[in-house]
>>> print(open('coords04.txt').read())   # compact mmCIF, N, CA and C atoms
# COMPACT_ATOMS: atom_id res chain seq x y z
N MET E 1167 33.98 -2.94 -7.38
CA MET E 1167 32.65 -2.39 -7.56
C MET E 1167 32.80 -1.03 -8.20
N GLY E 1168 32.23 -0.85 -9.39
CA GLY E 1168 32.35 0.41 -10.11
C GLY E 1168 31.42 1.48 -9.55
N ILE E 1169 31.63 2.66 -10.03
CA ILE E 1169 30.81 3.81 -9.60
C ILE E 1169 29.34 3.57 -9.95
N GLY E 1170 29.07 3.00 -11.10
CA GLY E 1170 27.68 2.74 -11.52
C GLY E 1170 26.97 1.78 -10.58
N LYS E 1171 27.68 0.75 -10.16
CA LYS E 1171 27.09 -0.22 -9.24
C LYS E 1171 26.85 0.40 -7.87
N GLN E 1172 27.79 1.23 -7.44
CA GLN E 1172 27.62 1.91 -6.15
C GLN E 1172 26.44 2.87 -6.20
N ALA E 1173 26.33 3.60 -7.29
CA ALA E 1173 25.23 4.56 -7.44
C ALA E 1173 23.89 3.82 -7.47
N LYS E 1174 23.85 2.69 -8.17
CA LYS E 1174 22.62 1.90 -8.23
C LYS E 1174 22.26 1.39 -6.84
N ARG E 1175 23.27 0.93 -6.11
CA ARG E 1175 23.01 0.41 -4.76
C ARG E 1175 22.49 1.51 -3.83
N VAL E 1176 23.08 2.69 -3.91
CA VAL E 1176 22.64 3.83 -3.10
C VAL E 1176 21.22 4.23 -3.49
N LEU E 1177 20.94 4.26 -4.79
CA LEU E 1177 19.60 4.63 -5.27
C LEU E 1177 18.55 3.63 -4.78
N ILE E 1178 18.84 2.35 -4.90
CA ILE E 1178 17.90 1.31 -4.45
C ILE E 1178 17.71 1.38 -2.94
N ALA E 1179 18.80 1.55 -2.20
CA ALA E 1179 18.71 1.64 -0.74
C ALA E 1179 17.92 2.87 -0.33
N SER E 1180 18.13 3.99 -1.01
CA SER E 1180 17.40 5.22 -0.69
C SER E 1180 15.91 5.07 -0.98
N ALA E 1181 15.58 4.52 -2.15
CA ALA E 1181 14.17 4.31 -2.50
C ALA E 1181 13.51 3.34 -1.51
N GLY E 1182 14.20 2.28 -1.16
CA GLY E 1182 13.67 1.32 -0.19
C GLY E 1182 13.45 1.96 1.17
N ALA E 1183 14.40 2.79 1.59
CA ALA E 1183 14.26 3.45 2.89
C ALA E 1183 13.10 4.42 2.89
N VAL E 1184 12.93 5.17 1.80
CA VAL E 1184 11.81 6.12 1.69
C VAL E 1184 10.48 5.36 1.74
N LEU E 1185 10.37 4.29 0.95
CA LEU E 1185 9.14 3.50 0.96
C LEU E 1185 8.86 2.93 2.35
N LEU E 1186 9.90 2.46 3.01
CA LEU E 1186 9.73 1.88 4.34
C LEU E 1186 9.26 2.94 5.33
N VAL E 1187 9.88 4.12 5.32
CA VAL E 1187 9.49 5.18 6.25
C VAL E 1187 8.08 5.67 5.96
N VAL E 1188 7.76 5.89 4.68
CA VAL E 1188 6.40 6.33 4.34
C VAL E 1188 5.39 5.26 4.71
N GLY E 1189 5.72 4.00 4.49
CA GLY E 1189 4.83 2.91 4.87
C GLY E 1189 4.57 2.86 6.36
N VAL E 1190 5.62 3.06 7.15
CA VAL E 1190 5.45 3.07 8.61
C VAL E 1190 4.56 4.24 9.01
N LEU E 1191 4.77 5.41 8.39
CA LEU E 1191 3.90 6.56 8.69
C LEU E 1191 2.45 6.28 8.31
N LEU E 1192 2.26 5.58 7.20
CA LEU E 1192 0.89 5.29 6.74
C LEU E 1192 0.22 4.18 7.54
N LEU E 1193 0.96 3.55 8.43
CA LEU E 1193 0.30 2.58 9.31
C LEU E 1193 -0.68 3.28 10.24
N VAL E 1194 -0.40 4.55 10.56
CA VAL E 1194 -1.30 5.31 11.43
C VAL E 1194 -2.07 6.39 10.67
N LEU E 1195 -1.66 6.68 9.45
CA LEU E 1195 -2.36 7.66 8.61
C LEU E 1195 -3.12 6.90 7.53
N PRO E 1196 -4.05 7.56 6.85
CA PRO E 1196 -4.78 6.85 5.78
C PRO E 1196 -3.86 6.52 4.61
N GLY E 1197 -3.83 5.29 4.26
CA GLY E 1197 -3.02 4.87 3.13
C GLY E 1197 -2.60 3.41 3.27
N PRO E 1198 -1.96 2.90 2.22
CA PRO E 1198 -1.57 1.48 2.18
C PRO E 1198 -0.25 1.23 2.88
N GLY E 1199 -0.22 1.40 4.19
CA GLY E 1199 1.02 1.31 4.96
C GLY E 1199 1.76 0.00 4.82
N LEU E 1200 1.08 -1.11 5.07
CA LEU E 1200 1.76 -2.41 5.03
C LEU E 1200 2.31 -2.73 3.64
N LEU E 1201 1.59 -2.34 2.61
CA LEU E 1201 2.07 -2.63 1.26
C LEU E 1201 3.31 -1.80 0.94
N LEU E 1202 3.38 -0.57 1.41
CA LEU E 1202 4.58 0.23 1.19
C LEU E 1202 5.74 -0.27 2.04
N VAL E 1203 5.46 -0.72 3.26
CA VAL E 1203 6.51 -1.33 4.08
C VAL E 1203 7.06 -2.56 3.35
N LEU E 1204 6.17 -3.37 2.79
CA LEU E 1204 6.59 -4.55 2.05
C LEU E 1204 7.44 -4.16 0.84
N ALA E 1205 7.01 -3.16 0.08
CA ALA E 1205 7.77 -2.71 -1.09
C ALA E 1205 9.16 -2.21 -0.67
N GLY E 1206 9.20 -1.43 0.40
CA GLY E 1206 10.49 -0.95 0.90
C GLY E 1206 11.40 -2.08 1.34
N LEU E 1207 10.84 -3.05 2.05
CA LEU E 1207 11.64 -4.19 2.50
C LEU E 1207 12.15 -5.02 1.32
N LEU E 1208 11.31 -5.19 0.30
CA LEU E 1208 11.74 -5.95 -0.88
C LEU E 1208 12.92 -5.26 -1.56
N LEU E 1209 12.84 -3.93 -1.70
CA LEU E 1209 13.96 -3.20 -2.30
C LEU E 1209 15.21 -3.30 -1.44
N LEU E 1210 15.06 -3.08 -0.15
CA LEU E 1210 16.21 -3.13 0.75
C LEU E 1210 16.81 -4.54 0.81
N ALA E 1211 15.95 -5.56 0.81
CA ALA E 1211 16.44 -6.94 0.87
C ALA E 1211 17.20 -7.33 -0.39
N SER E 1212 16.90 -6.67 -1.52
CA SER E 1212 17.64 -6.97 -2.74
C SER E 1212 19.10 -6.52 -2.63
N GLU E 1213 19.37 -5.53 -1.79
CA GLU E 1213 20.73 -5.05 -1.58
C GLU E 1213 21.35 -5.53 -0.27
N PHE E 1214 20.50 -5.80 0.71
CA PHE E 1214 20.96 -6.22 2.04
C PHE E 1214 20.25 -7.53 2.41
N PRO E 1215 20.83 -8.66 2.04
CA PRO E 1215 20.18 -9.97 2.24
C PRO E 1215 19.78 -10.27 3.68
N VAL E 1216 20.40 -9.63 4.66
CA VAL E 1216 20.05 -9.89 6.06
C VAL E 1216 18.59 -9.50 6.33
N LEU E 1217 18.02 -8.62 5.53
CA LEU E 1217 16.64 -8.18 5.73
C LEU E 1217 15.60 -9.13 5.14
N GLU E 1218 16.04 -10.13 4.39
CA GLU E 1218 15.10 -11.05 3.75
C GLU E 1218 14.21 -11.79 4.75
N ARG E 1219 14.70 -12.00 5.95
CA ARG E 1219 13.90 -12.73 6.94
C ARG E 1219 12.66 -11.96 7.38
N TYR E 1220 12.64 -10.65 7.14
CA TYR E 1220 11.48 -9.83 7.52
C TYR E 1220 10.44 -9.75 6.41
N VAL E 1221 10.80 -10.14 5.20
CA VAL E 1221 9.91 -9.99 4.05
C VAL E 1221 8.67 -10.88 4.16
N ASP E 1222 8.86 -12.17 4.43
CA ASP E 1222 7.72 -13.09 4.46
C ASP E 1222 6.69 -12.74 5.53
N PRO E 1223 7.09 -12.43 6.77
CA PRO E 1223 6.06 -12.07 7.76
C PRO E 1223 5.29 -10.80 7.37
N VAL E 1224 5.99 -9.81 6.81
CA VAL E 1224 5.31 -8.58 6.40
C VAL E 1224 4.41 -8.86 5.20
N ARG E 1225 4.88 -9.70 4.26
CA ARG E 1225 4.06 -10.06 3.10
C ARG E 1225 2.77 -10.76 3.55
N ASP E 1226 2.90 -11.69 4.50
CA ASP E 1226 1.72 -12.41 5.00
C ASP E 1226 0.72 -11.44 5.64
N ARG E 1227 1.22 -10.51 6.45
CA ARG E 1227 0.33 -9.55 7.11
C ARG E 1227 -0.30 -8.59 6.10
N ALA E 1228 0.47 -8.16 5.11
CA ALA E 1228 -0.06 -7.24 4.10
C ALA E 1228 -1.16 -7.92 3.28
N MET E 1229 -0.93 -9.17 2.89
CA MET E 1229 -1.94 -9.89 2.10
C MET E 1229 -3.18 -10.17 2.94
N LYS E 1230 -2.98 -10.50 4.21
CA LYS E 1230 -4.12 -10.72 5.11
C LYS E 1230 -4.93 -9.44 5.27
N ALA E 1231 -4.25 -8.31 5.45
CA ALA E 1231 -4.95 -7.03 5.58
C ALA E 1231 -5.70 -6.68 4.30
N ALA E 1232 -5.10 -6.98 3.16
CA ALA E 1232 -5.76 -6.71 1.88
C ALA E 1232 -7.02 -7.57 1.75
N GLU E 1233 -6.92 -8.83 2.13
CA GLU E 1233 -8.09 -9.71 2.06
C GLU E 1233 -9.15 -9.32 3.07
N ASP E 1234 -8.74 -8.93 4.27
CA ASP E 1234 -9.70 -8.51 5.29
C ASP E 1234 -10.48 -7.27 4.87
N SER E 1235 -9.85 -6.41 4.08
CA SER E 1235 -10.51 -5.16 3.68
C SER E 1235 -11.71 -5.41 2.77
N VAL E 1236 -11.79 -6.59 2.17
CA VAL E 1236 -12.92 -6.90 1.29
C VAL E 1236 -13.64 -8.16 1.74
N SER E 1237 -13.54 -8.49 3.02
CA SER E 1237 -14.12 -9.74 3.52
C SER E 1237 -15.64 -9.68 3.68
N SER E 1238 -16.21 -8.49 3.72
CA SER E 1238 -17.67 -8.38 3.84
C SER E 1238 -18.14 -7.12 3.11
N PRO E 1239 -19.40 -7.11 2.72
CA PRO E 1239 -19.93 -5.92 2.05
C PRO E 1239 -19.82 -4.65 2.91
N LEU E 1240 -19.93 -4.81 4.23
CA LEU E 1240 -19.82 -3.66 5.11
C LEU E 1240 -18.40 -3.07 5.07
N ARG E 1241 -17.40 -3.92 5.07
CA ARG E 1241 -16.02 -3.44 4.99
C ARG E 1241 -15.76 -2.78 3.64
N ILE E 1242 -16.28 -3.36 2.57
CA ILE E 1242 -16.10 -2.75 1.24
C ILE E 1242 -16.75 -1.37 1.22
N ALA E 1243 -17.97 -1.28 1.75
CA ALA E 1243 -18.66 0.01 1.79
C ALA E 1243 -17.88 1.02 2.62
N GLY E 1244 -17.34 0.59 3.75
CA GLY E 1244 -16.54 1.48 4.59
C GLY E 1244 -15.29 1.96 3.86
N SER E 1245 -14.63 1.06 3.13
CA SER E 1245 -13.44 1.44 2.38
C SER E 1245 -13.78 2.41 1.26
N VAL E 1246 -14.89 2.17 0.57
CA VAL E 1246 -15.31 3.08 -0.49
C VAL E 1246 -15.64 4.45 0.09
N LEU E 1247 -16.34 4.47 1.22
CA LEU E 1247 -16.66 5.76 1.85
C LEU E 1247 -15.40 6.49 2.30
N ALA E 1248 -14.43 5.75 2.82
CA ALA E 1248 -13.16 6.37 3.22
C ALA E 1248 -12.45 6.96 2.01
N GLY E 1249 -12.47 6.23 0.89
CA GLY E 1249 -11.86 6.74 -0.34
C GLY E 1249 -12.55 7.98 -0.85
N LEU E 1250 -13.89 7.98 -0.80
CA LEU E 1250 -14.64 9.15 -1.23
C LEU E 1250 -14.38 10.34 -0.31
N ALA E 1251 -14.25 10.06 0.99
CA ALA E 1251 -13.95 11.13 1.95
C ALA E 1251 -12.57 11.73 1.68
N LEU E 1252 -11.58 10.88 1.38
CA LEU E 1252 -10.25 11.38 1.04
C LEU E 1252 -10.28 12.22 -0.23
N LEU E 1253 -11.03 11.76 -1.21
CA LEU E 1253 -11.17 12.50 -2.46
C LEU E 1253 -11.81 13.87 -2.22
N ALA E 1254 -12.89 13.88 -1.47
CA ALA E 1254 -13.57 15.15 -1.16
C ALA E 1254 -12.66 16.07 -0.35
N ALA E 1255 -11.96 15.51 0.63
CA ALA E 1255 -11.05 16.33 1.44
C ALA E 1255 -9.94 16.91 0.57
N GLY E 1256 -9.45 16.14 -0.37
CA GLY E 1256 -8.42 16.64 -1.28
C GLY E 1256 -8.91 17.81 -2.11
N ILE E 1257 -10.13 17.70 -2.60
CA ILE E 1257 -10.69 18.79 -3.39
C ILE E 1257 -10.90 20.03 -2.52
N VAL E 1258 -11.43 19.82 -1.33
CA VAL E 1258 -11.66 20.94 -0.42
C VAL E 1258 -10.33 21.60 -0.05
N TRP E 1259 -9.31 20.79 0.33
CA TRP E 1259 -8.03 21.37 0.73
C TRP E 1259 -7.33 22.06 -0.43
N GLY E 1260 -7.62 21.60 -1.65
CA GLY E 1260 -7.01 22.25 -2.81
C GLY E 1260 -7.66 23.57 -3.17
N THR E 1261 -8.93 23.73 -2.82
CA THR E 1261 -9.66 24.92 -3.28
C THR E 1261 -9.94 25.95 -2.18
N VAL E 1262 -10.05 25.53 -0.93
CA VAL E 1262 -10.39 26.46 0.15
C VAL E 1262 -9.09 26.97 0.77
N LYS E 1263 -8.83 28.25 0.60
CA LYS E 1263 -7.55 28.83 1.03
C LYS E 1263 -7.47 29.10 2.54
N SER E 1264 -8.59 29.10 3.24
CA SER E 1264 -8.57 29.43 4.67
C SER E 1264 -8.25 28.22 5.57
N LEU E 1265 -8.12 27.04 5.01
CA LEU E 1265 -7.81 25.85 5.79
C LEU E 1265 -6.31 25.78 6.09
N PRO E 1266 -5.94 25.17 7.22
CA PRO E 1266 -4.50 25.00 7.48
C PRO E 1266 -3.87 24.09 6.43
N PHE E 1267 -2.67 24.42 6.02
CA PHE E 1267 -1.95 23.67 4.99
C PHE E 1267 -2.73 23.59 3.68
N SER E 1268 -3.55 24.61 3.39
CA SER E 1268 -4.35 24.56 2.17
C SER E 1268 -3.46 24.69 0.94
N GLY E 1269 -3.98 24.22 -0.14
CA GLY E 1269 -3.26 24.27 -1.41
C GLY E 1269 -3.30 22.92 -2.08
N TRP E 1270 -2.84 22.91 -3.32
CA TRP E 1270 -2.93 21.68 -4.09
C TRP E 1270 -1.86 20.66 -3.72
N SER E 1271 -0.83 21.07 -2.99
CA SER E 1271 0.14 20.06 -2.55
C SER E 1271 -0.52 19.11 -1.55
N THR E 1272 -1.26 19.67 -0.60
CA THR E 1272 -1.98 18.84 0.36
C THR E 1272 -3.16 18.15 -0.33
N GLY E 1273 -3.91 18.91 -1.12
CA GLY E 1273 -5.08 18.35 -1.80
C GLY E 1273 -4.72 17.21 -2.72
N SER E 1274 -3.64 17.38 -3.49
CA SER E 1274 -3.26 16.32 -4.43
C SER E 1274 -2.78 15.07 -3.70
N SER E 1275 -2.13 15.23 -2.55
CA SER E 1275 -1.69 14.05 -1.81
C SER E 1275 -2.90 13.28 -1.26
N LEU E 1276 -3.93 14.00 -0.85
CA LEU E 1276 -5.15 13.33 -0.39
C LEU E 1276 -5.87 12.64 -1.56
N ILE E 1277 -5.91 13.29 -2.70
CA ILE E 1277 -6.54 12.69 -3.88
C ILE E 1277 -5.75 11.46 -4.32
N LEU E 1278 -4.43 11.55 -4.29
CA LEU E 1278 -3.59 10.40 -4.63
C LEU E 1278 -3.83 9.25 -3.66
N SER E 1279 -3.97 9.56 -2.38
CA SER E 1279 -4.27 8.53 -1.38
C SER E 1279 -5.58 7.83 -1.69
N SER E 1280 -6.58 8.60 -2.11
CA SER E 1280 -7.87 7.99 -2.45
C SER E 1280 -7.74 7.10 -3.68
N ALA E 1281 -6.97 7.54 -4.67
CA ALA E 1281 -6.79 6.73 -5.88
C ALA E 1281 -6.07 5.42 -5.54
N ILE E 1282 -5.06 5.50 -4.68
CA ILE E 1282 -4.34 4.30 -4.26
C ILE E 1282 -5.27 3.38 -3.49
N LEU E 1283 -6.10 3.96 -2.60
CA LEU E 1283 -7.04 3.15 -1.84
C LEU E 1283 -8.01 2.41 -2.78
N PHE E 1284 -8.55 3.12 -3.78
CA PHE E 1284 -9.48 2.47 -4.71
C PHE E 1284 -8.77 1.38 -5.53
N ALA E 1285 -7.55 1.65 -5.97
CA ALA E 1285 -6.80 0.65 -6.74
C ALA E 1285 -6.53 -0.59 -5.89
N LEU E 1286 -6.13 -0.39 -4.65
CA LEU E 1286 -5.87 -1.54 -3.77
C LEU E 1286 -7.15 -2.28 -3.41
N LEU E 1287 -8.23 -1.55 -3.27
CA LEU E 1287 -9.51 -2.19 -2.99
C LEU E 1287 -9.93 -3.08 -4.15
N ILE E 1288 -9.80 -2.59 -5.37
CA ILE E 1288 -10.13 -3.39 -6.56
C ILE E 1288 -9.21 -4.60 -6.65
N TRP E 1289 -7.91 -4.39 -6.43
CA TRP E 1289 -6.96 -5.49 -6.48
C TRP E 1289 -7.29 -6.54 -5.43
N SER E 1290 -7.58 -6.10 -4.21
CA SER E 1290 -7.91 -7.03 -3.12
C SER E 1290 -9.17 -7.81 -3.43
N TYR E 1291 -10.17 -7.13 -3.96
CA TYR E 1291 -11.44 -7.79 -4.28
C TYR E 1291 -11.21 -8.87 -5.34
N ARG E 1292 -10.47 -8.53 -6.39
CA ARG E 1292 -10.20 -9.51 -7.45
C ARG E 1292 -9.39 -10.69 -6.93
N ARG E 1293 -8.45 -10.40 -6.05
CA ARG E 1293 -7.62 -11.47 -5.47
C ARG E 1293 -8.47 -12.43 -4.64
N VAL E 1294 -9.32 -11.90 -3.78
CA VAL E 1294 -10.18 -12.73 -2.94
C VAL E 1294 -11.17 -13.50 -3.81
N LYS E 1295 -11.72 -12.84 -4.81
CA LYS E 1295 -12.68 -13.51 -5.70
C LYS E 1295 -12.01 -14.67 -6.44
N ALA E 1296 -10.78 -14.48 -6.89
CA ALA E 1296 -10.04 -15.55 -7.58
C ALA E 1296 -9.72 -16.70 -6.63
N ARG E 1297 -9.36 -16.37 -5.39
CA ARG E 1297 -9.07 -17.43 -4.41
C ARG E 1297 -10.30 -18.26 -4.08
N ARG E 1298 -11.44 -17.58 -4.00
CA ARG E 1298 -12.68 -18.32 -3.71
C ARG E 1298 -13.10 -19.17 -4.89
N ALA E 1299 -12.75 -18.78 -6.10
CA ALA E 1299 -13.10 -19.54 -7.29
C ALA E 1299 -12.19 -20.77 -7.47
N GLU E 1300 -10.98 -20.73 -6.93
CA GLU E 1300 -10.05 -21.86 -7.08
C GLU E 1300 -10.59 -23.16 -6.53
N PRO E 1301 -11.11 -23.22 -5.28
CA PRO E 1301 -11.63 -24.50 -4.79
C PRO E 1301 -12.80 -25.01 -5.62
N ALA E 1302 -13.64 -24.10 -6.11
CA ALA E 1302 -14.77 -24.52 -6.94
C ALA E 1302 -14.26 -25.12 -8.26
N ALA E 1303 -13.21 -24.55 -8.82
CA ALA E 1303 -12.65 -25.08 -10.07
C ALA E 1303 -12.01 -26.45 -9.86
N ARG E 1304 -11.44 -26.66 -8.68
CA ARG E 1304 -10.81 -27.95 -8.39
C ARG E 1304 -11.86 -29.05 -8.21
N ARG E 1305 -13.05 -28.68 -7.72
CA ARG E 1305 -14.11 -29.67 -7.51
C ARG E 1305 -14.71 -30.15 -8.82
N ASP E 1306 -14.65 -29.29 -9.85
CA ASP E 1306 -15.26 -29.65 -11.14
C ASP E 1306 -14.50 -30.67 -11.91
>>> encode(input="coords04.txt", output="structure tokens")
Amino acid sequence: MGIGKQAKRVLIASAGAVLLVVGVLLLVLPGPGLLLVLAGLLLLASEFPVLERYVDPVRDRAMKAAEDSVSSPLRIAGSVLAGLALLAAGIVWGTVKSLPFSGWSTGSSLILSSAILFALLIWSYRRVKARRAEPAARRD
């Protein structure tokens, strides 16, 4: 195993571990926790095959959570409001200096969280819409 292969393996393992840890943290904080856990597991499983057995259960739960987030208009509205609240909080934390941990490092992370939430919400909605259209297409 050459130095390049070892460096690649360490880089992939490090990125996977970071995604996994951030994903676990985001399970209790606002953000796409399960999807980051899944991404981390996929990276780690590419280097450590023993972890592959955990990928499918996490993938199933992540996809179910994504579909549940857009299962009703009330949930969609709640997700949009949460995203707008994160965006507003990011702007406030970036501009108001008297808040704890104020500054654009905190503000930008909140704004990024809102952007990720909106992107995942759109992705989930399109995925659910396509799944609901499949049975109708098969009947035709």
>>> residues_around(input="coords04.txt", residues="Gly1260 (chain E)", least_positions_apart="3", cutoff="6 Å", atoms="only N, CA and C atoms", output="list in words")
Ala1255, Gly1256, Ile1257, Ser1268, Gly1269, Trp1270, Thr1272, Gly1273 and Ser1274 of chain E
>>> closest_residue(input="coords04.txt", among="E:Ala1231, E:Val1236, E:Ala1251, E:Val1216", to="Lys1295 (chain E)", atoms="only C-alpha atoms")
E:Val1236
>>> atom_distance(input="coords04.txt", atom1="CA of Ala1254 (chain E)", atom2="atom N of Lys1230 (chain E)")
28.3 Å
>>> residues_around(input="coords04.txt", residues="Val1221 (chain E)", least_positions_apart="2", cutoff="8 Å", atoms="only C-alpha atoms", output="ChimeraX atom specification")
/E:1204,1207-1208,1211,1217-1219,1223-1225
>>> atom_distance(input="coords04.txt", atom1="CA of Ala1296 (chain E)", atom2="atom N of Gly1249 (chain E)")
23.5 Å
>>> closest_residue(input="coords04.txt", among="E:Leu1283, E:Leu1185, E:Ala1299, E:Val1203", to="Val1246 (chain E)", atoms="all atoms listed in the file")
E:Leu1283
>>> atom_distance(input="coords04.txt", atom1="atom C of Ile1178 (chain E)", atom2="CA of Leu1209 (chain E)")
6.0 Å
>>> closest_residue(input="coords04.txt", among="E:Gly1182, E:Ala1228, E:Lys1174, E:Leu1191", to="Gly1206 (chain E)", atoms="only C-alpha atoms")
E:Gly1182
>>> closest_residue(input="coords04.txt", among="E:Arg1175, E:Arg1297, E:Val1190, E:Ile1242", to="Phe1214 (chain E)", atoms="only C-alpha atoms")
E:Arg1175
>>> axis_aligned_box(input="coords04.txt", around="region 1212-1222 of chain E", padding_each_side="3 Å", output="lines of an AutoDock Vina configuration file")
center_x = 14.0
center_y = -9.1
center_z = 2.4
size_x = 20.7
size_y = 14.0
size_z = 16.3
>>> closest_residue(input="coords04.txt", among="E:Val1258, E:Ala1181, E:Leu1186, E:Ala1243", to="Leu1200 (chain E)", atoms="only C-alpha atoms")
E:Leu1186
>>> residues_around(input="coords04.txt", residues="Ala1281 (chain E)", least_positions_apart="5", cutoff="8 Å", atoms="only N, CA and C atoms", output="ChimeraX atom specification")
/E:1249-1250,1252-1253,1275-1276,1286-1287
>>> closest_residue(input="coords04.txt", among="E:Arg1298, E:Val1184, E:Ser1290, E:Gly1170", to="Ser1237 (chain E)", atoms="all atoms listed in the file")
E:Ser1290
>>> decode(input="coords04.txt", residues="region 1194-1247 of chain E", atoms="C-alpha atoms", output="PDB file, in the first residue's frame")
ATOM      1  CA  VAL E1194     -30.663  16.831  18.678  1.00  0.00           C
ATOM      2  CA  LEU E1195     -29.815  20.198  17.061  1.00  0.00           C
ATOM      3  CA  PRO E1196     -31.535  21.750  14.042  1.00  0.00           C
ATOM      4  CA  GLY E1197     -30.215  20.187  10.891  1.00  0.00           C
ATOM      5  CA  PRO E1198     -30.222  17.100   8.677  1.00  0.00           C
ATOM      6  CA  GLY E1199     -28.780  14.702  11.248  1.00  0.00           C
ATOM      7  CA  LEU E1200     -29.793  11.359   9.778  1.00  0.00           C
ATOM      8  CA  LEU E1201     -28.665  12.309   6.294  1.00  0.00           C
ATOM      9  CA  LEU E1202     -25.233  13.329   7.572  1.00  0.00           C
ATOM     10  CA  VAL E1203     -25.000  10.127   9.621  1.00  0.00           C
ATOM     11  CA  LEU E1204     -25.829   8.227   6.428  1.00  0.00           C
ATOM     12  CA  ALA E1205     -23.199  10.153   4.430  1.00  0.00           C
ATOM     13  CA  GLY E1206     -20.592   9.493   7.113  1.00  0.00           C
ATOM     14  CA  LEU E1207     -21.445   5.799   7.248  1.00  0.00           C
ATOM     15  CA  LEU E1208     -21.265   5.511   3.459  1.00  0.00           C
ATOM     16  CA  LEU E1209     -17.784   7.046   3.442  1.00  0.00           C
ATOM     17  CA  LEU E1210     -16.589   4.915   6.347  1.00  0.00           C
ATOM     18  CA  ALA E1211     -18.107   1.746   4.863  1.00  0.00           C
ATOM     19  CA  SER E1212     -16.160   2.348   1.643  1.00  0.00           C
ATOM     20  CA  GLU E1213     -12.954   1.901   3.662  1.00  0.00           C
ATOM     21  CA  PHE E1214     -14.202  -0.374   6.452  1.00  0.00           C
ATOM     22  CA  PRO E1215     -16.571  -3.015   5.017  1.00  0.00           C
ATOM     23  CA  VAL E1216     -17.629  -4.189   8.490  1.00  0.00           C
ATOM     24  CA  LEU E1217     -19.720  -0.993   8.747  1.00  0.00           C
ATOM     25  CA  GLU E1218     -21.810  -1.809   5.654  1.00  0.00           C
ATOM     26  CA  ARG E1219     -24.396  -3.625   7.773  1.00  0.00           C
ATOM     27  CA  TYR E1220     -25.345  -0.298   9.392  1.00  0.00           C
ATOM     28  CA  VAL E1221     -25.879   1.562   6.109  1.00  0.00           C
ATOM     29  CA  ASP E1222     -29.235   0.077   5.054  1.00  0.00           C
ATOM     30  CA  PRO E1223     -31.054   0.600   8.391  1.00  0.00           C
ATOM     31  CA  VAL E1224     -29.819   4.206   8.588  1.00  0.00           C
ATOM     32  CA  ARG E1225     -30.705   4.795   4.913  1.00  0.00           C
ATOM     33  CA  ASP E1226     -34.233   3.473   5.523  1.00  0.00           C
ATOM     34  CA  ARG E1227     -34.707   5.723   8.567  1.00  0.00           C
ATOM     35  CA  ALA E1228     -33.260   8.775   6.803  1.00  0.00           C
ATOM     36  CA  MET E1229     -35.529   8.312   3.776  1.00  0.00           C
ATOM     37  CA  LYS E1230     -38.549   7.733   6.032  1.00  0.00           C
ATOM     38  CA  ALA E1231     -37.749  10.915   7.980  1.00  0.00           C
ATOM     39  CA  ALA E1232     -37.363  12.842   4.723  1.00  0.00           C
ATOM     40  CA  GLU E1233     -40.735  11.585   3.491  1.00  0.00           C
ATOM     41  CA  ASP E1234     -42.415  12.249   6.847  1.00  0.00           C
ATOM     42  CA  SER E1235     -41.226  15.857   6.760  1.00  0.00           C
ATOM     43  CA  VAL E1236     -43.458  16.520   3.733  1.00  0.00           C
ATOM     44  CA  SER E1237     -46.311  14.124   4.488  1.00  0.00           C
ATOM     45  CA  SER E1238     -48.845  16.885   5.175  1.00  0.00           C
ATOM     46  CA  PRO E1239     -49.248  20.596   4.473  1.00  0.00           C
ATOM     47  CA  LEU E1240     -48.934  21.281   8.211  1.00  0.00           C
ATOM     48  CA  ARG E1241     -45.542  19.577   8.387  1.00  0.00           C
ATOM     49  CA  ILE E1242     -44.352  21.435   5.282  1.00  0.00           C
ATOM     50  CA  ALA E1243     -45.475  24.729   6.810  1.00  0.00           C
ATOM     51  CA  GLY E1244     -43.714  23.862  10.078  1.00  0.00           C
ATOM     52  CA  SER E1245     -40.501  23.012   8.221  1.00  0.00           C
ATOM     53  CA  VAL E1246     -40.653  26.240   6.220  1.00  0.00           C
ATOM     54  CA  LEU E1247     -41.238  28.247   9.406  1.00  0.00           C
TER      55      LEU E1247
END
